[in-house]
Amino acid sequence: MVALSLTILTCFKVAFVFSSGFNKEYIDYILKNPWQRNEKITTQSSDGMKNSFNCNISPISKQRPTSVHALRPQDIEVIAALGDSLTAANGAKATNILGLIEECRGVSWSMGSENPDIRKSITLPNILKKFNPNLYGASTGSGSYTSNKAGFNMGQPGKTSNAMMSQAKELILKMKATPEINFNEAWKLVTIFVGGNDLCLACENTKLTAENYLNKIRKVLDHLKLNLPKTLVNLVVSLDVTVIDDLSGTTCRNMQKTFCECGLSSGFRSSLINMTRTIQKGTEDLINSGIFDTSDDFTVVAQPFMKNMGVPKKEDGSADYSFFAPDCFHFSTKGHEASAIELWSNMLTPVGQKSDKWINLDKPIPCPQESSPYIFTNVNSK
């Protein structure tokens with residue numbers, strides 16, 4: 001009986017690892033400590049931001065704009081995203097370790113809209129729905145990227161830049177098979193955010209390099225340009241995973257070591273920071289080169305608000321753990337809301353003036369200016 005139980009548990013673990021996308025060490029820790037809470041997190045992860053929305057809303061255009069450089073928020077009809085567990089929103093609602101497995105897509109910063117009331121859930125889709133209530137593609141609940149609540153959120157836990165091409169291809173196929181949207185004519189907003197796993201595994205996998213990352217991202221963007229018409233891509237510049245060192249405590253460290261030991265390694269710190277900066281600069285150089293600004297049908301904008309993001313601080317200067325899930329890496333609901341506000345703020349800021357860190361934690365949600373009502377691109381920022 002004991003042997004049978006061990007066999008069942010082993011099979012369960014294997015299935016869990018395969019289905020979750022996370023590595024075995026991370027899953028093992030969760031299964032051994034499922035009800036453990038993080039001693040550093042004293043507020044519930046569902047306690048969100050309180051930023052107010054007071055924007056004046058202009059009518060939706062009677063005719064679709066003819067240029068991606070003349071898109072107002074209300075012109076966006078379809079929203080989508082590629083990425084990893086930060087896009088899938090793993091653990092956003094977690095109050096214990098087991099909750100980290102849940103992909104809480106409905107509250108994802110870039111894709112969530114399970115509660116469309118912006119007073120209760122601040123996400124990019126919910127902000128955009130204030131301008132266009134008919135926005136299509138947002139996630140409406142928890143589940144994998146294949147669930148009926150995922151919408152066009154293709155983010156998957158554990159993925160690196162190597163997986164972005166397959167996600168892009170699946171997204172295009174899914175959009176083409178969706179009769180509710182006009183694939184060729186509807187304006188689309190696609191947010192791409194990946195890199196955390198490339199960096200967290202770089203000291204263990206020599207194939208995960210800055211050069212590999214930039215090549216993969218370039219190929220994905222080329223593919224989207226050729227196959228996804230009427231699209232503006234938000235390419236969120238990769239974050240610096242070494243900042244997890246500022247989130248300490250027993251539970252934080254035990255969990256961080258299972259999936260991002262490279263980010264904690266003092267011996268690898270210099271190499272990892274160099275890799276991070278190369279990825280960040282290479283990303284911005286690629287987008288600012290103008291190669292994606294050659295038509296009115298498609299463009300890519302580098303959004304740098306994660307680039308120098310640090311751990312938010314309390315008034316006494318200590319780390320504010322309420323922005324994070326129990327593993328001290330993924331975002332809580334509050335962290336997702338903060339990310340949504342910062343992405344939105346970047347979108348409304350001209351290229352060259354965008355913030356590269358979180359700066360809007362205590363400010364109202366920004367609004368488009370009458371003199372500059374468009375989402376800023378490389379072309380219309382000049």
# chains A, B, ... in the order shown; residues from 1 in each chain; ligands from 1

$ select_by_dssp --residues "stretch 224-277 of chain A" --states "strand (DSSP E)" --output "list of chain:residue names"
A:Thr231, A:Leu232, A:Val233, A:Asn234, A:Leu235, A:Val236

$ write_last_selection --atoms "all heavy atoms" --output "compact mmCIF listing (two decimals), in the first residue's frame"
# COMPACT_ATOMS: atom_id res chain seq x y z
N THR A 231 -1.62 46.04 -36.37
CA THR A 231 -1.16 45.68 -35.03
C THR A 231 -0.13 46.67 -34.49
O THR A 231 0.79 47.08 -35.18
CB THR A 231 -0.53 44.27 -35.03
OG1 THR A 231 -1.53 43.32 -35.41
CG2 THR A 231 0.00 43.90 -33.66
N LEU A 232 -0.31 47.02 -33.22
CA LEU A 232 0.69 47.75 -32.45
C LEU A 232 1.19 46.80 -31.37
O LEU A 232 0.39 46.25 -30.60
CB LEU A 232 0.11 49.01 -31.82
CG LEU A 232 1.10 49.98 -31.14
CD1 LEU A 232 0.56 51.41 -31.16
CD2 LEU A 232 1.41 49.59 -29.71
N VAL A 233 2.50 46.58 -31.33
CA VAL A 233 3.09 45.69 -30.33
C VAL A 233 3.75 46.50 -29.23
O VAL A 233 4.60 47.35 -29.49
CB VAL A 233 4.14 44.76 -30.98
CG1 VAL A 233 4.83 43.91 -29.91
CG2 VAL A 233 3.49 43.86 -32.02
N ASN A 234 3.34 46.22 -27.98
CA ASN A 234 4.06 46.71 -26.81
C ASN A 234 5.14 45.68 -26.48
O ASN A 234 4.82 44.57 -26.05
CB ASN A 234 3.15 46.80 -25.58
CG ASN A 234 2.25 48.02 -25.58
OD1 ASN A 234 2.63 49.08 -26.04
ND2 ASN A 234 1.06 47.86 -25.03
N LEU A 235 6.39 46.00 -26.70
CA LEU A 235 7.46 45.10 -26.28
C LEU A 235 8.02 45.63 -24.97
O LEU A 235 8.75 46.62 -24.94
CB LEU A 235 8.56 45.02 -27.34
CG LEU A 235 9.72 44.07 -27.01
CD1 LEU A 235 9.22 42.65 -26.76
CD2 LEU A 235 10.75 44.06 -28.13
N VAL A 236 7.65 44.98 -23.87
CA VAL A 236 8.08 45.43 -22.56
C VAL A 236 9.51 44.98 -22.33
O VAL A 236 9.83 43.79 -22.40
CB VAL A 236 7.16 44.87 -21.45
CG1 VAL A 236 7.64 45.32 -20.08
CG2 VAL A 236 5.72 45.33 -21.69

$ residues_around --residues "A:Glu102" --least-positions-apart "2" --cutoff "7 Å" --atoms "only C-alpha atoms" --output "short mmCIF file (atom, residue, chain, number, x, y, z; two decimals) with N, CA and C atoms, in the first residue's frame"
data_model
loop_
_atom_site.label_atom_id
_atom_site.label_comp_id
_atom_site.auth_asym_id
_atom_site.auth_seq_id
_atom_site.Cartn_x
_atom_site.Cartn_y
_atom_site.Cartn_z
N ASN A 90 0.47 33.83 -12.63
CA ASN A 90 0.57 32.77 -11.62
C ASN A 90 0.65 33.36 -10.22
N GLY A 91 -0.17 32.82 -9.33
CA GLY A 91 -0.10 33.19 -7.93
C GLY A 91 -0.61 34.56 -7.57
N GLY A 99 -1.25 28.23 -3.90
CA GLY A 99 -1.91 29.16 -4.81
C GLY A 99 -1.04 29.65 -5.94
N LEU A 100 0.27 29.40 -5.86
CA LEU A 100 1.18 29.83 -6.92
C LEU A 100 0.96 29.08 -8.22
N CYS A 104 -3.85 33.01 -12.77
CA CYS A 104 -4.96 33.94 -12.52
C CYS A 104 -5.06 34.97 -13.64
N SER A 142 -9.39 32.25 -14.43
CA SER A 142 -8.18 31.45 -14.27
C SER A 142 -8.20 30.23 -15.19
#

$ residues_around --residues "A:Val68" --least-positions-apart "4" --cutoff "9 Å" --atoms "only C-alpha atoms" --output "VMD selection string"
chain A and resid 187 230 to 232 295 to 299 375 377

$ residues_around --residues "stretch 332-339 of chain A" --least-positions-apart "4" --cutoff "9 Å" --atoms "only C-alpha atoms" --output "number ranges by chain"
A: 44-49, 86, 89-94, 107-110, 121-124, 305-306, 322-326, 343-344, 358, 360-361

$ write_last_selection --atoms "N, CA and C atoms" --output "compact mmCIF listing (two decimals), in the first residue's frame"
# COMPACT_ATOMS: atom_id res chain seq x y z
N GLN A 44 -3.47 40.75 2.49
CA GLN A 44 -3.96 39.81 1.50
C GLN A 44 -3.57 40.27 0.10
N SER A 45 -3.25 39.31 -0.75
CA SER A 45 -2.84 39.66 -2.11
C SER A 45 -3.97 40.29 -2.91
N SER A 46 -5.20 40.15 -2.44
CA SER A 46 -6.34 40.73 -3.17
C SER A 46 -6.52 42.22 -2.88
N ASP A 47 -5.75 42.73 -1.91
CA ASP A 47 -5.82 44.16 -1.62
C ASP A 47 -5.12 44.91 -2.75
N GLY A 48 -5.88 45.61 -3.56
CA GLY A 48 -5.31 46.21 -4.76
C GLY A 48 -4.98 47.68 -4.64
N MET A 49 -4.62 48.26 -5.77
CA MET A 49 -4.30 49.68 -5.83
C MET A 49 -5.59 50.49 -5.74
N LEU A 86 4.43 35.63 -15.64
CA LEU A 86 4.03 36.98 -15.22
C LEU A 86 2.87 37.49 -16.07
N ALA A 89 -0.12 35.37 -14.94
CA ALA A 89 -0.51 35.82 -13.60
C ALA A 89 -0.54 34.69 -12.57
N ASN A 90 0.47 33.83 -12.63
CA ASN A 90 0.57 32.77 -11.62
C ASN A 90 0.65 33.36 -10.22
N GLY A 91 -0.17 32.82 -9.33
CA GLY A 91 -0.10 33.19 -7.93
C GLY A 91 -0.61 34.56 -7.57
N ALA A 92 -1.26 35.24 -8.49
CA ALA A 92 -1.69 36.62 -8.21
C ALA A 92 -2.66 36.70 -7.04
N LYS A 93 -3.46 35.67 -6.85
CA LYS A 93 -4.44 35.66 -5.75
C LYS A 93 -3.98 34.78 -4.58
N ALA A 94 -2.77 34.28 -4.66
CA ALA A 94 -2.31 33.29 -3.68
C ALA A 94 -2.16 33.87 -2.28
N VAL A 107 -6.83 38.51 -13.75
CA VAL A 107 -6.33 39.73 -13.12
C VAL A 107 -4.95 40.12 -13.65
N SER A 108 -4.53 39.47 -14.74
CA SER A 108 -3.23 39.77 -15.34
C SER A 108 -3.12 41.24 -15.73
N TRP A 109 -2.01 41.85 -15.42
CA TRP A 109 -1.77 43.27 -15.69
C TRP A 109 -2.02 43.65 -17.14
N SER A 110 -1.60 42.79 -18.08
CA SER A 110 -1.71 43.11 -19.51
C SER A 110 -2.94 42.53 -20.18
N SER A 121 -10.62 46.38 -10.16
CA SER A 121 -9.57 45.62 -10.82
C SER A 121 -8.92 46.48 -11.90
N ILE A 122 -7.72 46.96 -11.63
CA ILE A 122 -7.01 47.81 -12.59
C ILE A 122 -6.12 46.93 -13.47
N THR A 123 -6.47 46.81 -14.73
CA THR A 123 -5.68 46.07 -15.71
C THR A 123 -5.68 46.88 -17.00
N LEU A 124 -4.78 46.56 -17.91
CA LEU A 124 -4.76 47.27 -19.19
C LEU A 124 -6.07 47.10 -19.95
N PHE A 305 9.20 50.38 -18.61
CA PHE A 305 8.90 50.61 -17.19
C PHE A 305 9.37 49.51 -16.25
N MET A 306 9.71 48.33 -16.79
CA MET A 306 10.25 47.26 -15.95
C MET A 306 11.78 47.28 -15.89
N SER A 322 3.56 43.42 -0.19
CA SER A 322 2.17 43.27 -0.64
C SER A 322 2.05 43.30 -2.16
N PHE A 323 3.10 43.71 -2.85
CA PHE A 323 3.08 43.72 -4.32
C PHE A 323 3.45 42.36 -4.91
N PHE A 324 3.78 41.40 -4.04
CA PHE A 324 4.32 40.13 -4.53
C PHE A 324 3.54 38.93 -4.02
N ALA A 325 3.59 37.85 -4.83
CA ALA A 325 3.01 36.56 -4.45
C ALA A 325 3.93 35.91 -3.41
N PRO A 326 3.51 34.81 -2.79
CA PRO A 326 4.30 34.19 -1.72
C PRO A 326 5.70 33.73 -2.09
N LEU A 343 2.42 50.36 -17.47
CA LEU A 343 2.38 50.10 -18.92
C LEU A 343 1.53 51.15 -19.61
N TRP A 344 0.36 51.41 -19.07
CA TRP A 344 -0.53 52.42 -19.63
C TRP A 344 0.15 53.79 -19.67
N TRP A 358 8.83 52.04 -11.91
CA TRP A 358 7.48 52.30 -11.41
C TRP A 358 7.45 53.67 -10.73
N ASN A 360 4.14 55.57 -10.64
CA ASN A 360 2.75 56.03 -10.53
C ASN A 360 1.96 55.34 -9.41
N LEU A 361 2.64 54.81 -8.40
CA LEU A 361 1.97 54.00 -7.40
C LEU A 361 0.91 54.77 -6.61

$ select_by_dssp --residues "stretch 33-252 of chain A" --states "alpha helix (DSSP H)" --output "ChimeraX atom specification"
/A:85-88,124-131,164-176,196-200,210-227,250-252

$ closest_residue --among "A:Ile244, A:Lys159, A:Lys257, A:Ala81" --to "A:Tyr29" --atoms "only C-alpha atoms"
A:Lys257

$ atom_distance --atom1 "atom CA of A:Phe259" --atom2 "atom CA of A:Asn23"
7.1 Å

$ decode --residues "stretch 211-227 of chain A" --atoms "all heavy atoms" --output "tab-separated table (two decimals), in the first residue's frame"
chain	number	residue	atom	x	y	z
A	211	GLU	N	22.46	37.21	-26.84
A	211	GLU	CA	22.39	37.11	-28.31
A	211	GLU	C	21.22	36.23	-28.74
A	211	GLU	O	20.47	36.57	-29.66
A	211	GLU	CB	23.70	36.53	-28.85
A	211	GLU	CG	23.73	36.41	-30.37
A	211	GLU	CD	25.02	35.82	-30.89
A	211	GLU	OE1	25.83	35.33	-30.06
A	211	GLU	OE2	25.23	35.84	-32.11
A	212	ASN	N	21.04	35.11	-28.06
A	212	ASN	CA	19.93	34.22	-28.37
A	212	ASN	C	18.60	34.92	-28.13
A	212	ASN	O	17.68	34.84	-28.97
A	212	ASN	CB	20.01	32.95	-27.51
A	212	ASN	CG	18.82	32.02	-27.73
A	212	ASN	OD1	18.75	31.32	-28.72
A	212	ASN	ND2	17.87	32.05	-26.81
A	213	TYR	N	18.49	35.61	-27.02
A	213	TYR	CA	17.25	36.32	-26.69
A	213	TYR	C	16.90	37.33	-27.78
A	213	TYR	O	15.77	37.36	-28.29
A	213	TYR	CB	17.41	37.04	-25.35
A	213	TYR	CG	16.21	37.87	-24.95
A	213	TYR	CD1	15.22	37.34	-24.12
A	213	TYR	CD2	16.06	39.19	-25.39
A	213	TYR	CE1	14.12	38.09	-23.75
A	213	TYR	CE2	14.96	39.94	-25.03
A	213	TYR	CZ	13.99	39.39	-24.21
A	213	TYR	OH	12.89	40.16	-23.86
A	214	LEU	N	17.86	38.15	-28.15
A	214	LEU	CA	17.60	39.21	-29.14
A	214	LEU	C	17.27	38.62	-30.51
A	214	LEU	O	16.41	39.15	-31.23
A	214	LEU	CB	18.80	40.14	-29.22
A	214	LEU	CG	19.06	40.95	-27.93
A	214	LEU	CD1	20.42	41.65	-27.99
A	214	LEU	CD2	17.95	41.97	-27.70
A	215	ASN	N	17.94	37.52	-30.88
A	215	ASN	CA	17.63	36.87	-32.15
A	215	ASN	C	16.21	36.32	-32.16
A	215	ASN	O	15.49	36.44	-33.16
A	215	ASN	CB	18.63	35.74	-32.42
A	215	ASN	CG	20.00	36.24	-32.83
A	215	ASN	OD1	20.14	37.36	-33.30
A	215	ASN	ND2	21.02	35.41	-32.65
A	216	LYS	N	15.81	35.70	-31.05
A	216	LYS	CA	14.46	35.12	-30.96
A	216	LYS	C	13.39	36.22	-31.03
A	216	LYS	O	12.37	36.08	-31.72
A	216	LYS	CB	14.31	34.32	-29.66
A	216	LYS	CG	15.21	33.11	-29.56
A	216	LYS	CD	14.88	32.05	-30.60
A	216	LYS	CE	15.74	30.82	-30.41
A	216	LYS	NZ	15.47	29.77	-31.43
A	217	ILE	N	13.61	37.29	-30.30
A	217	ILE	CA	12.65	38.40	-30.29
A	217	ILE	C	12.56	39.03	-31.68
A	217	ILE	O	11.45	39.33	-32.16
A	217	ILE	CB	13.03	39.44	-29.23
A	217	ILE	CG1	12.89	38.85	-27.82
A	217	ILE	CG2	12.16	40.68	-29.37
A	217	ILE	CD1	11.51	38.38	-27.46
A	218	ARG	N	13.68	39.22	-32.34
A	218	ARG	CA	13.69	39.79	-33.70
A	218	ARG	C	12.86	38.91	-34.64
A	218	ARG	O	12.04	39.42	-35.44
A	218	ARG	CB	15.13	39.91	-34.19
A	218	ARG	CG	15.28	40.20	-35.70
A	218	ARG	CD	14.80	41.58	-36.07
A	218	ARG	NE	14.83	41.78	-37.51
A	218	ARG	CZ	15.88	42.26	-38.18
A	218	ARG	NH1	17.00	42.59	-37.55
A	218	ARG	NH2	15.83	42.45	-39.48
A	219	LYS	N	13.04	37.59	-34.58
A	219	LYS	CA	12.30	36.69	-35.46
A	219	LYS	C	10.81	36.70	-35.18
A	219	LYS	O	9.98	36.65	-36.09
A	219	LYS	CB	12.86	35.28	-35.33
A	219	LYS	CG	14.26	35.10	-35.92
A	219	LYS	CD	14.79	33.69	-35.73
A	219	LYS	CE	16.19	33.54	-36.32
A	219	LYS	NZ	16.74	32.18	-36.10
A	220	VAL	N	10.45	36.79	-33.90
A	220	VAL	CA	9.03	36.84	-33.54
A	220	VAL	C	8.39	38.12	-34.08
A	220	VAL	O	7.29	38.08	-34.65
A	220	VAL	CB	8.86	36.77	-32.01
A	220	VAL	CG1	7.42	37.10	-31.60
A	220	VAL	CG2	9.22	35.38	-31.50
A	221	LEU	N	9.06	39.23	-33.91
A	221	LEU	CA	8.52	40.50	-34.40
A	221	LEU	C	8.42	40.51	-35.92
A	221	LEU	O	7.44	41.03	-36.48
A	221	LEU	CB	9.38	41.66	-33.89
A	221	LEU	CG	9.40	41.86	-32.37
A	221	LEU	CD1	10.37	42.97	-31.98
A	221	LEU	CD2	8.00	42.18	-31.85
A	222	ASP	N	9.41	39.95	-36.58
A	222	ASP	CA	9.35	39.83	-38.04
A	222	ASP	C	8.14	39.01	-38.46
A	222	ASP	O	7.43	39.35	-39.42
A	222	ASP	CB	10.62	39.19	-38.58
A	222	ASP	CG	11.83	40.11	-38.57
A	222	ASP	OD1	11.63	41.35	-38.48
A	222	ASP	OD2	12.97	39.61	-38.62
A	223	HIS	N	7.90	37.92	-37.74
A	223	HIS	CA	6.78	37.04	-38.07
A	223	HIS	C	5.45	37.76	-37.85
A	223	HIS	O	4.53	37.65	-38.68
A	223	HIS	CB	6.84	35.77	-37.20
A	223	HIS	CG	5.80	34.76	-37.55
A	223	HIS	ND1	5.89	33.92	-38.64
A	223	HIS	CD2	4.60	34.47	-36.95
A	223	HIS	CE1	4.82	33.15	-38.70
A	223	HIS	NE2	4.02	33.45	-37.69
A	224	LEU	N	5.34	38.48	-36.76
A	224	LEU	CA	4.10	39.21	-36.49
A	224	LEU	C	3.86	40.29	-37.55
A	224	LEU	O	2.73	40.49	-38.00
A	224	LEU	CB	4.15	39.84	-35.10
A	224	LEU	CG	4.10	38.88	-33.91
A	224	LEU	CD1	4.28	39.65	-32.60
A	224	LEU	CD2	2.80	38.09	-33.89
A	225	LYS	N	4.93	40.95	-37.95
A	225	LYS	CA	4.79	42.00	-38.96
A	225	LYS	C	4.26	41.44	-40.28
A	225	LYS	O	3.44	42.08	-40.96
A	225	LYS	CB	6.14	42.69	-39.20
A	225	LYS	CG	6.06	43.86	-40.17
A	225	LYS	CD	7.40	44.55	-40.32
A	225	LYS	CE	7.30	45.73	-41.28
A	225	LYS	NZ	8.60	46.44	-41.45
A	226	LEU	N	4.69	40.25	-40.62
A	226	LEU	CA	4.28	39.63	-41.89
A	226	LEU	C	2.89	38.99	-41.81
A	226	LEU	O	2.21	38.86	-42.84
A	226	LEU	CB	5.29	38.56	-42.30
A	226	LEU	CG	6.65	39.04	-42.80
A	226	LEU	CD1	7.59	37.86	-43.01
A	226	LEU	CD2	6.51	39.84	-44.09
A	227	ASN	N	2.47	38.60	-40.61
A	227	ASN	CA	1.27	37.77	-40.51
A	227	ASN	C	0.15	38.31	-39.63
A	227	ASN	O	-0.92	37.69	-39.57
A	227	ASN	CB	1.67	36.38	-39.97
A	227	ASN	CG	2.59	35.64	-40.91
A	227	ASN	OD1	2.15	35.08	-41.90
A	227	ASN	ND2	3.88	35.64	-40.59
